[in-house]
file entry.cif (mmCIF, N, CA and C atoms)
data_structure
loop_
_atom_site.label_atom_id
_atom_site.label_comp_id
_atom_site.auth_asym_id
_atom_site.auth_seq_id
_atom_site.Cartn_x
_atom_site.Cartn_y
_atom_site.Cartn_z
N MET N 1 2.66 32.69 -20.26
CA MET N 1 1.84 33.44 -19.33
C MET N 1 2.51 34.78 -19.07
N ALA N 2 1.74 35.86 -19.20
CA ALA N 2 2.28 37.20 -18.98
C ALA N 2 2.50 37.45 -17.50
N PRO N 3 3.56 38.20 -17.17
CA PRO N 3 3.80 38.49 -15.76
C PRO N 3 2.71 39.40 -15.21
N LEU N 4 2.45 39.25 -13.92
CA LEU N 4 1.44 40.09 -13.27
C LEU N 4 1.94 41.52 -13.17
N LYS N 5 1.03 42.45 -13.35
CA LYS N 5 1.37 43.86 -13.20
C LYS N 5 1.55 44.18 -11.73
N LYS N 6 2.59 44.95 -11.44
CA LYS N 6 2.79 45.40 -10.06
C LYS N 6 1.86 46.57 -9.81
N SER N 7 1.20 46.56 -8.67
CA SER N 7 0.31 47.67 -8.35
C SER N 7 1.14 48.87 -7.91
N ALA N 8 0.66 50.03 -8.28
CA ALA N 8 1.35 51.27 -7.92
C ALA N 8 1.28 51.48 -6.42
N THR N 9 2.29 52.12 -5.90
CA THR N 9 2.30 52.45 -4.48
C THR N 9 1.21 53.49 -4.23
N PRO N 10 0.35 53.23 -3.24
CA PRO N 10 -0.72 54.19 -2.96
C PRO N 10 -0.15 55.55 -2.55
N THR N 11 -0.83 56.60 -2.97
CA THR N 11 -0.43 57.95 -2.57
C THR N 11 -0.85 58.18 -1.12
N PRO N 12 -0.29 59.20 -0.50
CA PRO N 12 -0.73 59.52 0.88
C PRO N 12 -2.24 59.76 0.95
N GLU N 13 -2.81 60.40 -0.09
CA GLU N 13 -4.25 60.66 -0.10
C GLU N 13 -5.05 59.36 -0.15
N VAL N 14 -4.59 58.39 -0.91
CA VAL N 14 -5.28 57.10 -0.98
C VAL N 14 -5.21 56.41 0.39
N ASN N 15 -4.07 56.49 1.03
CA ASN N 15 -3.94 55.89 2.37
C ASN N 15 -4.87 56.55 3.37
N LEU N 16 -4.96 57.88 3.32
CA LEU N 16 -5.87 58.60 4.22
C LEU N 16 -7.33 58.26 3.90
N TYR N 17 -7.64 58.16 2.62
CA TYR N 17 -8.99 57.79 2.18
C TYR N 17 -9.35 56.40 2.70
N ASP N 18 -8.44 55.45 2.52
CA ASP N 18 -8.68 54.08 3.01
C ASP N 18 -8.87 54.05 4.52
N GLN N 19 -8.09 54.86 5.23
CA GLN N 19 -8.20 54.95 6.69
C GLN N 19 -9.59 55.47 7.07
N LEU N 20 -10.07 56.47 6.34
CA LEU N 20 -11.40 57.03 6.60
C LEU N 20 -12.48 55.99 6.33
N ILE N 21 -12.42 55.35 5.17
CA ILE N 21 -13.44 54.37 4.78
C ILE N 21 -13.48 53.21 5.78
N ALA N 22 -12.33 52.83 6.32
CA ALA N 22 -12.24 51.72 7.28
C ALA N 22 -12.99 52.01 8.58
N THR N 23 -13.36 53.27 8.83
CA THR N 23 -14.08 53.60 10.06
C THR N 23 -15.52 53.07 10.04
N ILE N 24 -16.00 52.71 8.85
CA ILE N 24 -17.34 52.11 8.72
C ILE N 24 -17.15 50.79 7.96
N PRO N 25 -17.01 49.68 8.69
CA PRO N 25 -16.69 48.40 8.05
C PRO N 25 -17.67 47.95 6.97
N SER N 26 -18.91 48.40 7.01
CA SER N 26 -19.88 47.96 6.00
C SER N 26 -19.71 48.68 4.66
N ILE N 27 -18.84 49.68 4.59
CA ILE N 27 -18.59 50.38 3.33
C ILE N 27 -17.50 49.65 2.56
N GLU N 28 -17.76 49.39 1.29
CA GLU N 28 -16.77 48.75 0.42
C GLU N 28 -16.13 49.80 -0.47
N ARG N 29 -14.82 49.91 -0.42
CA ARG N 29 -14.09 50.83 -1.29
C ARG N 29 -13.95 50.17 -2.65
N LYS N 30 -14.26 50.91 -3.71
CA LYS N 30 -14.19 50.39 -5.06
C LYS N 30 -13.22 51.25 -5.88
N GLY N 31 -12.91 50.79 -7.08
CA GLY N 31 -12.09 51.57 -7.99
C GLY N 31 -10.61 51.49 -7.68
N ALA N 32 -9.80 51.47 -8.74
CA ALA N 32 -8.36 51.43 -8.57
C ALA N 32 -7.75 52.80 -8.85
N ALA N 33 -7.92 53.30 -10.06
CA ALA N 33 -7.35 54.60 -10.44
C ALA N 33 -8.05 55.75 -9.72
N ASN N 34 -9.36 55.67 -9.60
CA ASN N 34 -10.16 56.67 -8.89
C ASN N 34 -11.00 55.96 -7.83
N PRO N 35 -10.46 55.77 -6.63
CA PRO N 35 -11.21 55.07 -5.59
C PRO N 35 -12.51 55.80 -5.27
N TYR N 36 -13.55 55.01 -4.98
CA TYR N 36 -14.84 55.59 -4.65
C TYR N 36 -15.64 54.63 -3.80
N THR N 37 -16.75 55.13 -3.26
CA THR N 37 -17.71 54.28 -2.56
C THR N 37 -19.07 54.55 -3.16
N SER N 38 -19.90 53.53 -3.18
CA SER N 38 -21.26 53.70 -3.67
C SER N 38 -22.18 52.74 -2.94
N LEU N 39 -23.46 53.09 -2.96
CA LEU N 39 -24.48 52.27 -2.34
C LEU N 39 -25.68 52.27 -3.27
N ASN N 40 -26.12 51.10 -3.67
CA ASN N 40 -27.24 50.96 -4.59
C ASN N 40 -27.03 51.78 -5.86
N GLY N 41 -25.79 51.82 -6.34
CA GLY N 41 -25.48 52.53 -7.58
C GLY N 41 -25.29 54.02 -7.43
N ASN N 42 -25.37 54.54 -6.21
CA ASN N 42 -25.19 55.97 -5.96
C ASN N 42 -23.84 56.22 -5.30
N MET N 43 -22.95 56.88 -6.03
CA MET N 43 -21.62 57.18 -5.49
C MET N 43 -21.75 58.24 -4.40
N PHE N 44 -21.09 58.00 -3.26
CA PHE N 44 -21.16 58.99 -2.19
C PHE N 44 -19.80 59.52 -1.74
N THR N 45 -18.71 58.90 -2.17
CA THR N 45 -17.38 59.50 -2.02
C THR N 45 -16.58 59.17 -3.26
N LEU N 46 -15.61 60.01 -3.56
CA LEU N 46 -14.76 59.82 -4.72
C LEU N 46 -13.42 60.49 -4.46
N LEU N 47 -12.35 59.77 -4.72
CA LEU N 47 -11.01 60.35 -4.64
C LEU N 47 -10.56 60.54 -6.08
N HIS N 48 -10.59 61.78 -6.54
CA HIS N 48 -10.29 62.10 -7.94
C HIS N 48 -9.07 63.01 -7.99
N GLN N 49 -8.01 62.52 -8.63
CA GLN N 49 -6.77 63.29 -8.75
C GLN N 49 -6.30 63.81 -7.39
N SER N 50 -6.30 62.93 -6.42
CA SER N 50 -5.86 63.22 -5.05
C SER N 50 -6.76 64.21 -4.31
N ARG N 51 -7.96 64.46 -4.84
CA ARG N 51 -8.92 65.34 -4.17
C ARG N 51 -10.14 64.50 -3.79
N LEU N 52 -10.52 64.59 -2.54
CA LEU N 52 -11.67 63.84 -2.06
C LEU N 52 -12.94 64.65 -2.21
N ALA N 53 -13.97 64.02 -2.78
CA ALA N 53 -15.30 64.61 -2.87
C ALA N 53 -16.22 63.74 -2.03
N ILE N 54 -17.11 64.39 -1.30
CA ILE N 54 -18.06 63.66 -0.47
C ILE N 54 -19.46 64.21 -0.72
N ARG N 55 -20.41 63.30 -0.88
CA ARG N 55 -21.80 63.67 -1.15
C ARG N 55 -22.53 63.86 0.17
N LEU N 56 -23.18 65.00 0.30
CA LEU N 56 -23.86 65.31 1.56
C LEU N 56 -25.29 65.77 1.30
N PRO N 57 -26.18 65.52 2.29
CA PRO N 57 -27.53 66.06 2.17
C PRO N 57 -27.47 67.59 2.27
N GLU N 58 -28.51 68.25 1.82
CA GLU N 58 -28.48 69.71 1.69
C GLU N 58 -28.06 70.44 2.97
N ASP N 59 -28.63 70.08 4.11
CA ASP N 59 -28.29 70.81 5.34
C ASP N 59 -26.82 70.65 5.72
N LYS N 60 -26.31 69.44 5.64
CA LYS N 60 -24.89 69.18 5.97
C LYS N 60 -23.99 69.80 4.91
N ARG N 61 -24.43 69.78 3.65
CA ARG N 61 -23.64 70.35 2.56
C ARG N 61 -23.45 71.85 2.76
N GLU N 62 -24.52 72.56 3.11
CA GLU N 62 -24.43 74.00 3.34
C GLU N 62 -23.54 74.30 4.54
N GLU N 63 -23.67 73.50 5.59
CA GLU N 63 -22.83 73.65 6.78
C GLU N 63 -21.36 73.49 6.39
N PHE N 64 -21.07 72.45 5.62
CA PHE N 64 -19.71 72.14 5.19
C PHE N 64 -19.15 73.27 4.33
N LEU N 65 -19.93 73.71 3.34
CA LEU N 65 -19.48 74.77 2.43
C LEU N 65 -19.12 76.04 3.19
N ASN N 66 -19.93 76.38 4.18
CA ASN N 66 -19.66 77.58 4.98
C ASN N 66 -18.48 77.39 5.92
N LYS N 67 -18.45 76.27 6.61
CA LYS N 67 -17.39 76.02 7.60
C LYS N 67 -16.01 75.96 6.96
N TYR N 68 -15.91 75.32 5.79
CA TYR N 68 -14.60 75.12 5.16
C TYR N 68 -14.36 76.06 3.98
N GLN N 69 -15.26 77.03 3.80
CA GLN N 69 -15.09 78.06 2.77
C GLN N 69 -14.71 77.45 1.42
N THR N 70 -15.58 76.55 0.95
CA THR N 70 -15.33 75.87 -0.31
C THR N 70 -16.58 75.95 -1.19
N THR N 71 -16.50 75.37 -2.36
CA THR N 71 -17.62 75.35 -3.30
C THR N 71 -17.93 73.90 -3.64
N ARG N 72 -18.87 73.68 -4.52
CA ARG N 72 -19.19 72.31 -4.92
C ARG N 72 -18.02 71.70 -5.70
N PHE N 73 -17.95 70.38 -5.68
CA PHE N 73 -16.86 69.66 -6.32
C PHE N 73 -17.01 69.70 -7.84
N GLU N 74 -15.91 69.92 -8.52
CA GLU N 74 -15.90 69.94 -9.98
C GLU N 74 -14.88 68.94 -10.50
N ALA N 75 -15.29 68.14 -11.49
CA ALA N 75 -14.39 67.19 -12.14
C ALA N 75 -14.70 67.18 -13.63
N TYR N 76 -13.67 67.25 -14.44
CA TYR N 76 -13.82 67.24 -15.89
C TYR N 76 -14.78 68.32 -16.38
N GLY N 77 -14.75 69.48 -15.73
CA GLY N 77 -15.58 70.59 -16.14
C GLY N 77 -17.04 70.49 -15.73
N THR N 78 -17.39 69.47 -14.95
CA THR N 78 -18.76 69.28 -14.49
C THR N 78 -18.84 69.47 -12.98
N ILE N 79 -19.80 70.28 -12.56
CA ILE N 79 -20.00 70.49 -11.13
C ILE N 79 -20.92 69.39 -10.61
N MET N 80 -20.46 68.71 -9.59
CA MET N 80 -21.25 67.65 -8.96
C MET N 80 -22.05 68.33 -7.84
N GLN N 81 -23.32 68.57 -8.08
CA GLN N 81 -24.14 69.42 -7.23
C GLN N 81 -24.20 69.00 -5.76
N GLU N 82 -24.18 67.72 -5.48
CA GLU N 82 -24.32 67.27 -4.09
C GLU N 82 -22.99 66.92 -3.44
N HIS N 83 -21.90 67.05 -4.17
CA HIS N 83 -20.58 66.70 -3.65
C HIS N 83 -19.79 67.96 -3.31
N VAL N 84 -19.03 67.88 -2.21
CA VAL N 84 -18.17 68.97 -1.78
C VAL N 84 -16.72 68.48 -1.76
N PRO N 85 -15.77 69.35 -2.09
CA PRO N 85 -14.36 68.96 -2.01
C PRO N 85 -13.87 69.06 -0.56
N VAL N 86 -13.17 68.05 -0.14
CA VAL N 86 -12.65 68.02 1.23
C VAL N 86 -11.25 68.64 1.24
N PRO N 87 -11.06 69.69 2.03
CA PRO N 87 -9.72 70.29 2.14
C PRO N 87 -8.70 69.25 2.64
N VAL N 88 -7.48 69.38 2.17
CA VAL N 88 -6.42 68.43 2.53
C VAL N 88 -6.26 68.33 4.04
N ALA N 89 -6.30 69.45 4.74
CA ALA N 89 -6.15 69.43 6.20
C ALA N 89 -7.24 68.59 6.85
N LEU N 90 -8.46 68.63 6.32
CA LEU N 90 -9.55 67.84 6.86
C LEU N 90 -9.38 66.36 6.51
N LEU N 91 -8.88 66.08 5.32
CA LEU N 91 -8.62 64.69 4.94
C LEU N 91 -7.64 64.05 5.90
N ARG N 92 -6.74 64.84 6.43
CA ARG N 92 -5.75 64.33 7.40
C ARG N 92 -6.34 64.14 8.79
N ASN N 93 -7.55 64.64 9.01
CA ASN N 93 -8.19 64.58 10.33
C ASN N 93 -9.37 63.60 10.26
N THR N 94 -9.05 62.32 10.32
CA THR N 94 -10.06 61.27 10.18
C THR N 94 -11.20 61.43 11.19
N LYS N 95 -10.86 61.77 12.41
CA LYS N 95 -11.88 61.89 13.46
C LYS N 95 -12.92 62.96 13.09
N GLU N 96 -12.46 64.12 12.64
CA GLU N 96 -13.37 65.21 12.26
C GLU N 96 -14.15 64.87 10.99
N LEU N 97 -13.46 64.28 10.02
CA LEU N 97 -14.08 63.96 8.73
C LEU N 97 -15.09 62.82 8.84
N LYS N 98 -14.91 61.94 9.81
CA LYS N 98 -15.80 60.79 9.96
C LYS N 98 -17.26 61.20 10.11
N LYS N 99 -17.54 62.30 10.79
CA LYS N 99 -18.94 62.71 10.96
C LYS N 99 -19.57 63.05 9.62
N TYR N 100 -18.78 63.56 8.68
CA TYR N 100 -19.31 63.85 7.35
C TYR N 100 -19.45 62.56 6.53
N LEU N 101 -18.53 61.62 6.74
CA LEU N 101 -18.68 60.32 6.07
C LEU N 101 -19.93 59.62 6.58
N ASP N 102 -20.17 59.67 7.87
CA ASP N 102 -21.39 59.08 8.44
C ASP N 102 -22.63 59.69 7.82
N ALA N 103 -22.65 61.03 7.71
CA ALA N 103 -23.80 61.73 7.12
C ALA N 103 -23.96 61.36 5.65
N SER N 104 -22.86 61.23 4.96
CA SER N 104 -22.88 60.88 3.54
C SER N 104 -23.45 59.47 3.34
N TYR N 105 -22.98 58.54 4.16
CA TYR N 105 -23.44 57.15 4.07
C TYR N 105 -24.93 57.05 4.38
N GLU N 106 -25.36 57.74 5.42
CA GLU N 106 -26.79 57.73 5.77
C GLU N 106 -27.62 58.36 4.66
N TYR N 107 -27.11 59.41 4.05
CA TYR N 107 -27.81 60.06 2.94
C TYR N 107 -27.90 59.10 1.74
N ALA N 108 -26.82 58.41 1.45
CA ALA N 108 -26.82 57.46 0.33
C ALA N 108 -27.88 56.37 0.51
N LYS N 109 -28.13 56.00 1.75
CA LYS N 109 -29.15 54.98 2.03
C LYS N 109 -30.55 55.46 1.65
N THR N 110 -30.76 56.78 1.60
CA THR N 110 -32.09 57.33 1.30
C THR N 110 -32.31 57.53 -0.20
N LEU N 111 -31.25 57.41 -0.99
CA LEU N 111 -31.37 57.67 -2.42
C LEU N 111 -31.97 56.48 -3.16
N LYS N 112 -32.70 56.78 -4.20
CA LYS N 112 -33.34 55.76 -5.02
C LYS N 112 -32.26 54.91 -5.69
N PRO N 113 -32.33 53.58 -5.58
CA PRO N 113 -31.34 52.72 -6.23
C PRO N 113 -31.32 52.94 -7.74
N LYS N 114 -30.11 52.88 -8.29
CA LYS N 114 -29.95 52.99 -9.73
C LYS N 114 -29.89 51.58 -10.30
N PRO N 115 -30.47 51.37 -11.49
CA PRO N 115 -30.42 50.03 -12.08
C PRO N 115 -28.99 49.64 -12.41
N THR N 116 -28.71 48.37 -12.27
CA THR N 116 -27.36 47.87 -12.54
C THR N 116 -27.10 47.87 -14.04
N LYS N 117 -25.82 48.06 -14.40
CA LYS N 117 -25.43 48.04 -15.80
C LYS N 117 -24.65 46.77 -16.12
N LYS N 118 -24.52 45.89 -15.13
CA LYS N 118 -23.79 44.65 -15.33
C LYS N 118 -24.54 43.75 -16.32
N LYS N 119 -23.76 43.15 -17.23
CA LYS N 119 -24.35 42.22 -18.19
C LYS N 119 -24.53 40.87 -17.54
N VAL N 120 -25.65 40.25 -17.80
CA VAL N 120 -25.96 38.95 -17.20
C VAL N 120 -25.46 37.85 -18.07
#

call {"tool": "encode", "arguments": {"input": "entry.cif", "output": "structure tokens"}}
result
Amino acid sequence: MAPLKKSATPTPEVNLYDQLIATIPSIERKGAANPYTSLNGNMFTLLHQSRLAIRLPEDKREEFLNKYQTTRFEAYGTIMQEHVPVPVALLRNTKELKKYLDASYEYAKTLKPKPTKKKV
């Protein structure tokens, strides 16, 4: 029997992400290398290379982009149109960031479910 792999020590960003996600008990955190949350197949948060992206509805997204002087989230050369990058200082402020997580979760509830890719 092969020995079990030891899990890597979570980064400070992963710990902060987990702390944020824990503010809404009904949200399940998924993914090991790139933690994320999704609802009905629609991803609404993603921690990619220690950078948090959060999916927001248009009005909240524009507010966020202006308030935090940022642009849309980009990963692997692709711009994720509805996702915004969360500044590190904001990631450290769970209380302030929670209102955007709430908005993101509520927005995800309005999105059309994506078909599952799981094999039966």

call {"tool": "select_by_dssp", "arguments": {"input": "entry.cif", "residues": "chain N", "states": "strand (DSSP E)", "output": "list of chain:residue names"}}
result
N:Tyr36, N:Thr37, N:Ser38, N:Leu39, N:Asn42, N:Met43, N:Phe44, N:Thr45, N:Leu46, N:Leu47, N:His48, N:Arg51, N:Leu52, N:Ala53, N:Ile54, N:Arg55, N:Phe73, N:Glu74, N:Ala75, N:Thr78, N:Ile79, N:Met80, N:His83, N:Val84, N:Pro85, N:Val86

call {"tool": "residues_around", "arguments": {"input": "entry.cif", "residues": "stretch 90-96 of chain N", "least_positions_apart": "4", "cutoff": "9 Å", "atoms": "only C-alpha atoms", "output": "number ranges by chain"}}
result
N: 13, 16-17, 19-20, 23, 52, 86, 100

call {"tool": "write_last_selection", "arguments": {"input": "entry.cif", "atoms": "N, CA and C atoms", "output": "PDB file, in the frame of the given file"}}
result
ATOM      1  N   GLU N  13      -2.810  60.400  -0.090  1.00  0.00           N
ATOM      2  CA  GLU N  13      -4.250  60.660  -0.100  1.00  0.00           C
ATOM      3  C   GLU N  13      -5.050  59.360  -0.150  1.00  0.00           C
ATOM      4  N   LEU N  16      -4.960  57.880   3.320  1.00  0.00           N
ATOM      5  CA  LEU N  16      -5.870  58.600   4.220  1.00  0.00           C
ATOM      6  C   LEU N  16      -7.330  58.260   3.900  1.00  0.00           C
ATOM      7  N   TYR N  17      -7.640  58.160   2.620  1.00  0.00           N
ATOM      8  CA  TYR N  17      -8.990  57.790   2.180  1.00  0.00           C
ATOM      9  C   TYR N  17      -9.350  56.400   2.700  1.00  0.00           C
ATOM     10  N   GLN N  19      -8.090  54.860   5.230  1.00  0.00           N
ATOM     11  CA  GLN N  19      -8.200  54.950   6.690  1.00  0.00           C
ATOM     12  C   GLN N  19      -9.590  55.470   7.070  1.00  0.00           C
ATOM     13  N   LEU N  20     -10.070  56.470   6.340  1.00  0.00           N
ATOM     14  CA  LEU N  20     -11.400  57.030   6.600  1.00  0.00           C
ATOM     15  C   LEU N  20     -12.480  55.990   6.330  1.00  0.00           C
ATOM     16  N   THR N  23     -13.360  53.270   8.830  1.00  0.00           N
ATOM     17  CA  THR N  23     -14.080  53.600  10.060  1.00  0.00           C
ATOM     18  C   THR N  23     -15.520  53.070  10.040  1.00  0.00           C
ATOM     19  N   LEU N  52     -10.520  64.590  -2.540  1.00  0.00           N
ATOM     20  CA  LEU N  52     -11.670  63.840  -2.060  1.00  0.00           C
ATOM     21  C   LEU N  52     -12.940  64.650  -2.210  1.00  0.00           C
ATOM     22  N   VAL N  86     -13.170  68.050  -0.140  1.00  0.00           N
ATOM     23  CA  VAL N  86     -12.650  68.020   1.230  1.00  0.00           C
ATOM     24  C   VAL N  86     -11.250  68.640   1.240  1.00  0.00           C
ATOM     25  N   TYR N 100     -18.780  63.560   8.680  1.00  0.00           N
ATOM     26  CA  TYR N 100     -19.310  63.850   7.350  1.00  0.00           C
ATOM     27  C   TYR N 100     -19.450  62.560   6.530  1.00  0.00           C
TER      28      TYR N 100
END

call {"tool": "resolve_selection", "arguments": {"input": "entry.cif", "expression": "the PyMOL selection byres ((chain N and resi 41-49) around 8)", "output": "PyMOL selection string"}}
result
chain N and resi 13-14+17+33-40+50-56+75+83+101+104-105+107-108+111-116

call {"tool": "atom_distance", "arguments": {"input": "entry.cif", "atom1": "atom CA of N:Val84", "atom2": "atom C of N:Phe64"}}
result
7.5 Å

call {"tool": "axis_aligned_box", "arguments": {"input": "entry.cif", "around": "stretch 68-74 of chain N", "padding_each_side": "4 Å", "output": "JSON"}}
result
{"center_x": -16.8, "center_y": 73.5, "center_z": -2.4, "size_x": 12.8, "size_y": 17.1, "size_z": 24.3}

call {"tool": "residues_near_point", "arguments": {"input": "entry.cif", "point": "(-22.6, 72.0, -8.6)", "cutoff": "12 Å", "atoms": "only C-alpha atoms", "output": "MDAnalysis selection string"}}
result
chainID N and resid 53 55 61 65 70:75 77:85

call {"tool": "atom_distance", "arguments": {"input": "entry.cif", "atom1": "atom CA of N:Tyr68", "atom2": "atom N of N:Pro87"}}
result
7.2 Å

call {"tool": "closest_residue", "arguments": {"input": "entry.cif", "among": "N:Tyr76, N:Glu106, N:Ile21, N:Asn15", "to": "N:Lys60", "atoms": "only C-alpha atoms"}}
result
N:Glu106

call {"tool": "atom_distance", "arguments": {"input": "entry.cif", "atom1": "atom C of N:Lys109", "atom2": "atom N of N:Pro57"}}
result
11.0 Å

call {"tool": "select_by_dssp", "arguments": {"input": "entry.cif", "residues": "chain N", "states": "helix (DSSP H, G or I)", "output": "MDAnalysis selection string"}}
result
chainID N and resid 12:21 58:67 88:91 94:110

call {"tool": "build_atoms", "arguments": {"input": "entry.cif", "residues": "stretch 27-42 of chain N", "atoms": "N, CA, C and O atoms", "output": "tab-separated table (two decimals), in the coordinates of the input"}}
result
chain	number	residue	atom	x	y	z
N	27	ILE	N	-18.84	49.68	4.59
N	27	ILE	CA	-18.59	50.38	3.33
N	27	ILE	C	-17.50	49.65	2.56
N	27	ILE	O	-16.44	49.34	3.11
N	28	GLU	N	-17.76	49.39	1.29
N	28	GLU	CA	-16.77	48.75	0.42
N	28	GLU	C	-16.13	49.80	-0.47
N	28	GLU	O	-16.82	50.52	-1.19
N	29	ARG	N	-14.82	49.91	-0.42
N	29	ARG	CA	-14.09	50.83	-1.29
N	29	ARG	C	-13.95	50.17	-2.65
N	29	ARG	O	-13.59	49.00	-2.76
N	30	LYS	N	-14.26	50.91	-3.71
N	30	LYS	CA	-14.19	50.39	-5.06
N	30	LYS	C	-13.22	51.25	-5.88
N	30	LYS	O	-12.83	52.31	-5.46
N	31	GLY	N	-12.91	50.79	-7.08
N	31	GLY	CA	-12.09	51.57	-7.99
N	31	GLY	C	-10.61	51.49	-7.68
N	31	GLY	O	-10.22	51.45	-6.53
N	32	ALA	N	-9.80	51.47	-8.74
N	32	ALA	CA	-8.36	51.43	-8.57
N	32	ALA	C	-7.75	52.80	-8.85
N	32	ALA	O	-7.17	53.41	-7.96
N	33	ALA	N	-7.92	53.30	-10.06
N	33	ALA	CA	-7.35	54.60	-10.44
N	33	ALA	C	-8.05	55.75	-9.72
N	33	ALA	O	-7.41	56.70	-9.29
N	34	ASN	N	-9.36	55.67	-9.60
N	34	ASN	CA	-10.16	56.67	-8.89
N	34	ASN	C	-11.00	55.96	-7.83
N	34	ASN	O	-12.13	55.57	-8.10
N	35	PRO	N	-10.46	55.77	-6.63
N	35	PRO	CA	-11.21	55.07	-5.59
N	35	PRO	C	-12.51	55.80	-5.27
N	35	PRO	O	-12.58	57.03	-5.31
N	36	TYR	N	-13.55	55.01	-4.98
N	36	TYR	CA	-14.84	55.59	-4.65
N	36	TYR	C	-15.64	54.63	-3.80
N	36	TYR	O	-15.27	53.46	-3.65
N	37	THR	N	-16.75	55.13	-3.26
N	37	THR	CA	-17.71	54.28	-2.56
N	37	THR	C	-19.07	54.55	-3.16
N	37	THR	O	-19.35	55.67	-3.62
N	38	SER	N	-19.90	53.53	-3.18
N	38	SER	CA	-21.26	53.70	-3.67
N	38	SER	C	-22.18	52.74	-2.94
N	38	SER	O	-21.74	51.74	-2.37
N	39	LEU	N	-23.46	53.09	-2.96
N	39	LEU	CA	-24.48	52.27	-2.34
N	39	LEU	C	-25.68	52.27	-3.27
N	39	LEU	O	-26.16	53.35	-3.66
N	40	ASN	N	-26.12	51.10	-3.67
N	40	ASN	CA	-27.24	50.96	-4.59
N	40	ASN	C	-27.03	51.78	-5.86
N	40	ASN	O	-27.97	52.36	-6.41
N	41	GLY	N	-25.79	51.82	-6.34
N	41	GLY	CA	-25.48	52.53	-7.58
N	41	GLY	C	-25.29	54.02	-7.43
N	41	GLY	O	-25.04	54.71	-8.41
N	42	ASN	N	-25.37	54.54	-6.21
N	42	ASN	CA	-25.19	55.97	-5.96
N	42	ASN	C	-23.84	56.22	-5.30
N	42	ASN	O	-23.62	55.81	-4.15
